[in-house]
There are 4 protein chains.
Amino acid sequence: MRYHETPLRVRFYEVDSYGVVWHGHYAGWFEVGRNDLTERFGLGPHELKEDRLLAPVVELTCQFKLPASFGDLLLVQTTMERAEVAKLIFRYRVLHQERGKVLSTGSTTHVLTDPSGTLLYRVPPKVLEKIEAMRNYLGV
Amino acid sequence: MRYHETPLRVRFYEVDSYGVVWHGHYAGWFEVGRNDLTERFGLGPHELKEDRLLAPVVELTCQFKLPASFGDLLLVQTTMERAEVAKLIFRYRVLHQERGKVLSTGSTTHVLTDPSGTLLYRVPPKVLEKIEAMRNYLGV
Amino acid sequence: MRYHETPLRVRFYEVDSYGVVWHGHYAGWFEVGRNDLTERFGLGPHELKEDRLLAPVVELTCQFKLPASFGDLLLVQTTMERAEVAKLIFRYRVLHQERGKVLSTGSTTHVLTDPSGTLLYRVPPKVLEKIEAMRNYLGV
Amino acid sequence: MRYHETPLRVRFYEVDSYGVVWHGHYAGWFEVGRNDLTERFGLGPHELKEDRLLAPVVELTCQFKLPASFGDLLLVQTTMERAEVAKLIFRYRVLHQERGKVLSTGSTTHVLTDPSGTLLYRVPPKVLEKIEAMRNYLGV
């Protein structure tokens with residue numbers, strides 16, 4: 001299993017009054033990592049839409065281990081879990097580049113729906129192929 | 001001339017590492033005040049869309065006079081300027097409720113376009129009527 | 001067990017390109033509900049700081065059930081779990097006021113630390129009293 | 001006069017329900033460009049703090065010319081104006097990298113204060129030197 005890596009620099013407005021990144025911003029960073037990964041396989045939000053699909057987040061989890069500060073260079077690492085059809089589970093780690101420490105871990109679970117929001121029980125073969133290519137890349 | 005007033009409470013994540021509201025959040029607060037006003041006259045983003053109109057912001061200005069802190073109760077005051085047709089100029093003040101001080105002033109300028117983004121040079125009479133009603137309310 | 005309730009209105013900038021609230025904003029809303037609750041018992045971020053305590057989030061979970069749209073009137077419901085000493089677990093529900101439906105559920109887990117970030121294994125009696133008062137109010 | 005350039009990619013959560021970047025995010029991007037510039041000259045928020053200085057924004061202006069979309073590669077261009085002592089005026093342009101078009105222009109005006117917020121009428125020579133080095137780099 002491998003992680004896809006996306007570099008990131010902490011922005012001033014992401015830091016709260018305790019001088020550390022506000023915890024809610026990690027959801028946005030996970031998304032930055034996920035989109036950077038999925039777009040390489042034609043599975044970004046725009047491409048999905050062209051295939052008349054949506055992949056809304058149905059669950060988010062995040063564990064906060066160490067704080068990040070303004071200006072820190074981070075690495076968002078994104079991978080996937082093997083999951084039943086029509087459900088995608090991504091796993092994330094946010095690392096401090098210089099210190100090599102894991103600051104945060106987390107996951108998002110997505111379902112696949114049609115544009116009206118109805119759950120898909122069969123993923124279109126064309127999309128399934130792309131998901132398989134992404135899984136091969138990640139070794140999962 | 002009168003101001004339409006919208007109360008607001010400073011959220012924890014709106015405060016930066018200096019312990020005061022990050023300046024960029026005022027753009028969101030101006031918008032909260034503006035939507036609270038325009039919706040009363042059928043001119044909110046949704047209603048405009050139903051009339052096949054958009055009112056994108058083409059200019060934002062903001063002057064920062066005093067800082068706001070977490071938990072502060074504020075008042076967003078919104079009014080309009082008389083402006084040429086197919087252009088709307090809103091003016092804002094953000095006040096500290098308890099202290100009665102003006103923390104910030106600002107403006108947004110909007111043009112009216114059709115859904116494709118083409119500028120309107122004549123506002124549909126139905127929309128013009130609503131704008132007139134809003135102006136009467138504000139005394140401008 | 002009861003929920004403490006905090007009303008909220010969806011802001012325009014909280015809605016994403018799918019026309020629904022972006023999932024990451026729920027972390028901020030949970031915090032709005034939590035602070036509204038804890039401040040009533042002298043346990044808000046500022047009061048904790050005066051007691052030389054921090055209560056950083058170490059885990060966030062969120063389940064997304066139904067989408068929210070611009071302008072929707074919501075209710076953030078906040079309660080607590082009974083938890084071991086020096087750890088606070090809050091549980092949340094976000095409801096659509098008019099439709100009475102649960103849009104989202106979630107939790108945050110907090111540890112108590114001193115200002116240097118060292119975990120407390122014994123909560124100061126003064127703070128413990130406040131936590132007990134909050135628990136009584138919530139019936140947990 | 002030259003611009004200091006900072007690349008940026010539009011994040012999913014920065015896009016609003018019209019499918020374009022929400023106008024308020026430009027304030028954050030200007031700040032990303034400004035910090036990227038000032039840090040090269042020891043004038044970033046952290047370094048200023050060490051010199052017991054603050055540089056709060058007292059005015060923000062922003063003109064929106066063309067919209068940006070999710071995933072767009074942008075360039076934040078930052079420069080300064082010659083200004084009277086104890087006041088810094090930065091000017092910004094946000095460009096679409098591929099299309100080479102200016103999407104937005106703007107400015108922020110900052111005053112220099114001591115940690116208590118009192119305006120400085122004389123900038124410490126050490127800081128003045130850094131500002132001069134930054135001006136030389138920018139050719140202003």
# chains A, B, ... in the order shown; residues from 1 in each chain; ligands from 1
call {"tool": "select_by_dssp", "arguments": {"residues": "chain A", "states": "helix (DSSP H, G or I)", "output": "ChimeraX atom specification"}}
result
/A:12-14,25-39,45-50,125-138
call {"tool": "write_last_selection", "arguments": {"atoms": "C-alpha atoms", "output": "PDB file, in the first residue's frame"}}
result
ATOM      1  CA  PHE A  12      -1.969  32.529   8.241  1.00  0.00           C
ATOM      2  CA  TYR A  13      -5.768  32.481   8.331  1.00  0.00           C
ATOM      3  CA  GLU A  14      -5.763  28.741   9.090  1.00  0.00           C
ATOM      4  CA  HIS A  25      -9.182  22.991   8.407  1.00  0.00           C
ATOM      5  CA  TYR A  26      -7.938  19.406   8.216  1.00  0.00           C
ATOM      6  CA  ALA A  27     -11.194  18.468   6.437  1.00  0.00           C
ATOM      7  CA  GLY A  28     -10.234  20.893   3.684  1.00  0.00           C
ATOM      8  CA  TRP A  29      -6.680  19.558   3.507  1.00  0.00           C
ATOM      9  CA  PHE A  30      -7.889  15.958   3.265  1.00  0.00           C
ATOM     10  CA  GLU A  31      -9.990  17.121   0.335  1.00  0.00           C
ATOM     11  CA  VAL A  32      -6.986  18.808  -1.298  1.00  0.00           C
ATOM     12  CA  GLY A  33      -5.105  15.496  -1.047  1.00  0.00           C
ATOM     13  CA  ARG A  34      -8.057  13.442  -2.258  1.00  0.00           C
ATOM     14  CA  ASN A  35      -8.741  15.651  -5.282  1.00  0.00           C
ATOM     15  CA  ASP A  36      -5.053  15.689  -6.190  1.00  0.00           C
ATOM     16  CA  LEU A  37      -5.185  11.872  -6.210  1.00  0.00           C
ATOM     17  CA  THR A  38      -8.556  11.283  -7.876  1.00  0.00           C
ATOM     18  CA  GLU A  39      -7.967  13.801 -10.681  1.00  0.00           C
ATOM     19  CA  PRO A  45     -15.436  16.175  -8.896  1.00  0.00           C
ATOM     20  CA  HIS A  46     -15.649  17.643 -12.428  1.00  0.00           C
ATOM     21  CA  GLU A  47     -14.950  14.376 -14.236  1.00  0.00           C
ATOM     22  CA  LEU A  48     -17.435  12.492 -12.053  1.00  0.00           C
ATOM     23  CA  LYS A  49     -20.056  15.096 -12.900  1.00  0.00           C
ATOM     24  CA  GLU A  50     -19.438  14.509 -16.604  1.00  0.00           C
ATOM     25  CA  PRO A 125     -17.941  -0.072 -15.858  1.00  0.00           C
ATOM     26  CA  LYS A 126     -16.110   2.992 -17.216  1.00  0.00           C
ATOM     27  CA  VAL A 127     -15.876   4.456 -13.697  1.00  0.00           C
ATOM     28  CA  LEU A 128     -15.031   1.092 -12.172  1.00  0.00           C
ATOM     29  CA  GLU A 129     -12.045   0.855 -14.503  1.00  0.00           C
ATOM     30  CA  LYS A 130     -10.760   4.215 -13.293  1.00  0.00           C
ATOM     31  CA  ILE A 131     -11.208   3.171  -9.659  1.00  0.00           C
ATOM     32  CA  GLU A 132      -9.270  -0.020 -10.373  1.00  0.00           C
ATOM     33  CA  ALA A 133      -6.447   1.994 -11.960  1.00  0.00           C
ATOM     34  CA  MET A 134      -6.325   4.184  -8.837  1.00  0.00           C
ATOM     35  CA  ARG A 135      -6.270   1.097  -6.615  1.00  0.00           C
ATOM     36  CA  ASN A 136      -3.420  -0.380  -8.607  1.00  0.00           C
ATOM     37  CA  TYR A 137      -1.444   2.841  -8.223  1.00  0.00           C
ATOM     38  CA  LEU A 138      -2.051   2.776  -4.465  1.00  0.00           C
TER      39      LEU A 138
END
call {"tool": "interface_residues", "arguments": {"of": "chain D", "to": "chain B", "cutoff": "7 Å", "atoms": "only C-alpha atoms", "output": "PyMOL selection string"}}
result
chain D and resi 24+27-28+57-65
call {"tool": "atom_distance", "arguments": {"atom1": "CA of His96 in chain D", "atom2": "CA of Phe70 in chain A"}}
result
25.9 Å
call {"tool": "select_by_dssp", "arguments": {"residues": "chain A", "states": "strand (DSSP E or B)", "output": "VMD selection string"}}
result
chain A and resid 4 to 9 15 21 54 57 to 64 73 to 81 87 to 96 102 to 111 113 119
call {"tool": "write_last_selection", "arguments": {"atoms": "N, CA and C atoms", "output": "short mmCIF file (atom, residue, chain, number, x, y, z; two decimals), in the first residue's frame"}}
result
data_model
loop_
_atom_site.label_atom_id
_atom_site.label_comp_id
_atom_site.auth_asym_id
_atom_site.auth_seq_id
_atom_site.Cartn_x
_atom_site.Cartn_y
_atom_site.Cartn_z
N HIS A 4 -0.44 8.59 -1.80
CA HIS A 4 -0.22 9.68 -2.74
C HIS A 4 0.08 10.94 -1.92
N GLU A 5 1.07 11.71 -2.33
CA GLU A 5 1.51 12.83 -1.49
C GLU A 5 1.27 14.20 -2.13
N THR A 6 0.72 15.11 -1.35
CA THR A 6 0.42 16.46 -1.81
C THR A 6 1.00 17.47 -0.82
N PRO A 7 1.97 18.29 -1.26
CA PRO A 7 2.55 19.27 -0.33
C PRO A 7 1.60 20.44 -0.10
N LEU A 8 1.79 21.09 1.03
CA LEU A 8 0.86 22.12 1.49
C LEU A 8 1.61 23.02 2.45
N ARG A 9 1.29 24.30 2.42
CA ARG A 9 1.91 25.21 3.39
C ARG A 9 0.83 25.85 4.23
N VAL A 15 -4.70 29.50 11.13
CA VAL A 15 -4.21 29.38 12.51
C VAL A 15 -5.17 30.08 13.45
N VAL A 21 -2.97 25.45 13.97
CA VAL A 21 -4.03 25.30 12.95
C VAL A 21 -5.34 24.88 13.60
N LEU A 54 -22.09 11.64 -8.51
CA LEU A 54 -21.63 12.42 -7.37
C LEU A 54 -21.02 11.46 -6.36
N VAL A 57 -19.49 13.01 0.66
CA VAL A 57 -18.91 12.51 1.90
C VAL A 57 -20.06 12.11 2.84
N VAL A 58 -20.08 10.88 3.32
CA VAL A 58 -21.09 10.48 4.30
C VAL A 58 -20.50 10.34 5.71
N GLU A 59 -19.18 10.25 5.78
CA GLU A 59 -18.55 10.22 7.11
C GLU A 59 -17.15 10.81 7.03
N LEU A 60 -16.81 11.54 8.08
CA LEU A 60 -15.47 12.12 8.23
C LEU A 60 -14.98 11.76 9.62
N THR A 61 -13.73 11.28 9.72
CA THR A 61 -13.12 11.12 11.05
C THR A 61 -11.74 11.75 11.00
N CYS A 62 -11.32 12.28 12.13
CA CYS A 62 -10.01 12.94 12.17
C CYS A 62 -9.44 12.83 13.57
N GLN A 63 -8.18 12.36 13.64
CA GLN A 63 -7.48 12.31 14.93
C GLN A 63 -6.35 13.34 14.89
N PHE A 64 -6.29 14.14 15.95
CA PHE A 64 -5.31 15.22 15.99
C PHE A 64 -4.23 14.85 16.99
N LEU A 73 5.59 23.57 6.44
CA LEU A 73 5.44 22.79 5.20
C LEU A 73 4.95 21.40 5.57
N LEU A 74 3.78 21.03 5.06
CA LEU A 74 3.16 19.76 5.40
C LEU A 74 3.04 18.89 4.16
N LEU A 75 2.73 17.64 4.40
CA LEU A 75 2.50 16.67 3.34
C LEU A 75 1.18 15.99 3.66
N VAL A 76 0.22 16.09 2.75
CA VAL A 76 -1.02 15.34 2.91
C VAL A 76 -0.83 14.01 2.18
N GLN A 77 -0.97 12.93 2.90
CA GLN A 77 -0.84 11.59 2.30
C GLN A 77 -2.23 10.97 2.20
N THR A 78 -2.56 10.48 1.02
CA THR A 78 -3.90 9.95 0.77
C THR A 78 -3.81 8.54 0.22
N THR A 79 -4.61 7.67 0.76
CA THR A 79 -4.72 6.33 0.19
C THR A 79 -6.17 5.87 0.29
N MET A 80 -6.44 4.64 -0.16
CA MET A 80 -7.81 4.12 -0.12
C MET A 80 -7.84 2.81 0.61
N GLU A 81 -9.01 2.49 1.06
CA GLU A 81 -9.26 1.13 1.57
C GLU A 81 -10.01 0.35 0.51
N LYS A 87 -19.02 2.46 -2.79
CA LYS A 87 -18.60 3.14 -1.57
C LYS A 87 -17.09 3.31 -1.69
N LEU A 88 -16.60 4.50 -1.37
CA LEU A 88 -15.16 4.74 -1.44
C LEU A 88 -14.70 5.22 -0.07
N ILE A 89 -13.66 4.59 0.45
CA ILE A 89 -13.11 5.03 1.73
C ILE A 89 -11.67 5.47 1.51
N PHE A 90 -11.42 6.75 1.81
CA PHE A 90 -10.07 7.29 1.71
C PHE A 90 -9.49 7.42 3.11
N ARG A 91 -8.19 7.20 3.21
CA ARG A 91 -7.48 7.40 4.48
C ARG A 91 -6.40 8.44 4.28
N TYR A 92 -6.17 9.23 5.30
CA TYR A 92 -5.25 10.36 5.20
C TYR A 92 -4.27 10.40 6.37
N ARG A 93 -3.10 10.93 6.08
CA ARG A 93 -2.17 11.34 7.13
C ARG A 93 -1.64 12.71 6.76
N VAL A 94 -1.52 13.58 7.73
CA VAL A 94 -0.87 14.87 7.49
C VAL A 94 0.45 14.85 8.25
N LEU A 95 1.54 15.03 7.50
CA LEU A 95 2.88 14.99 8.10
C LEU A 95 3.53 16.36 8.09
N HIS A 96 4.37 16.60 9.07
CA HIS A 96 5.24 17.77 9.06
C HIS A 96 6.47 17.40 8.25
N VAL A 102 3.83 12.61 12.14
CA VAL A 102 2.42 12.59 11.76
C VAL A 102 1.66 13.54 12.68
N LEU A 103 1.05 14.55 12.10
CA LEU A 103 0.29 15.52 12.90
C LEU A 103 -1.16 15.06 13.08
N SER A 104 -1.67 14.39 12.06
CA SER A 104 -3.09 14.07 12.05
C SER A 104 -3.33 12.87 11.14
N THR A 105 -4.33 12.07 11.49
CA THR A 105 -4.79 10.98 10.62
C THR A 105 -6.29 11.13 10.46
N GLY A 106 -6.84 10.47 9.46
CA GLY A 106 -8.29 10.57 9.30
C GLY A 106 -8.80 9.77 8.14
N SER A 107 -10.10 9.88 7.91
CA SER A 107 -10.74 9.15 6.81
C SER A 107 -11.98 9.89 6.34
N THR A 108 -12.32 9.67 5.09
CA THR A 108 -13.64 10.09 4.59
C THR A 108 -14.25 8.91 3.86
N THR A 109 -15.56 8.74 4.05
CA THR A 109 -16.30 7.69 3.35
C THR A 109 -17.26 8.37 2.39
N HIS A 110 -17.28 7.90 1.16
CA HIS A 110 -18.11 8.49 0.11
C HIS A 110 -19.02 7.43 -0.49
N VAL A 111 -20.23 7.81 -0.82
CA VAL A 111 -21.08 6.93 -1.61
C VAL A 111 -21.14 7.49 -3.03
N THR A 113 -23.60 8.38 -6.10
CA THR A 113 -25.02 8.60 -6.39
C THR A 113 -25.17 9.15 -7.80
N LEU A 119 -28.65 6.56 -4.49
CA LEU A 119 -27.50 5.69 -4.36
C LEU A 119 -27.37 4.75 -5.55
#
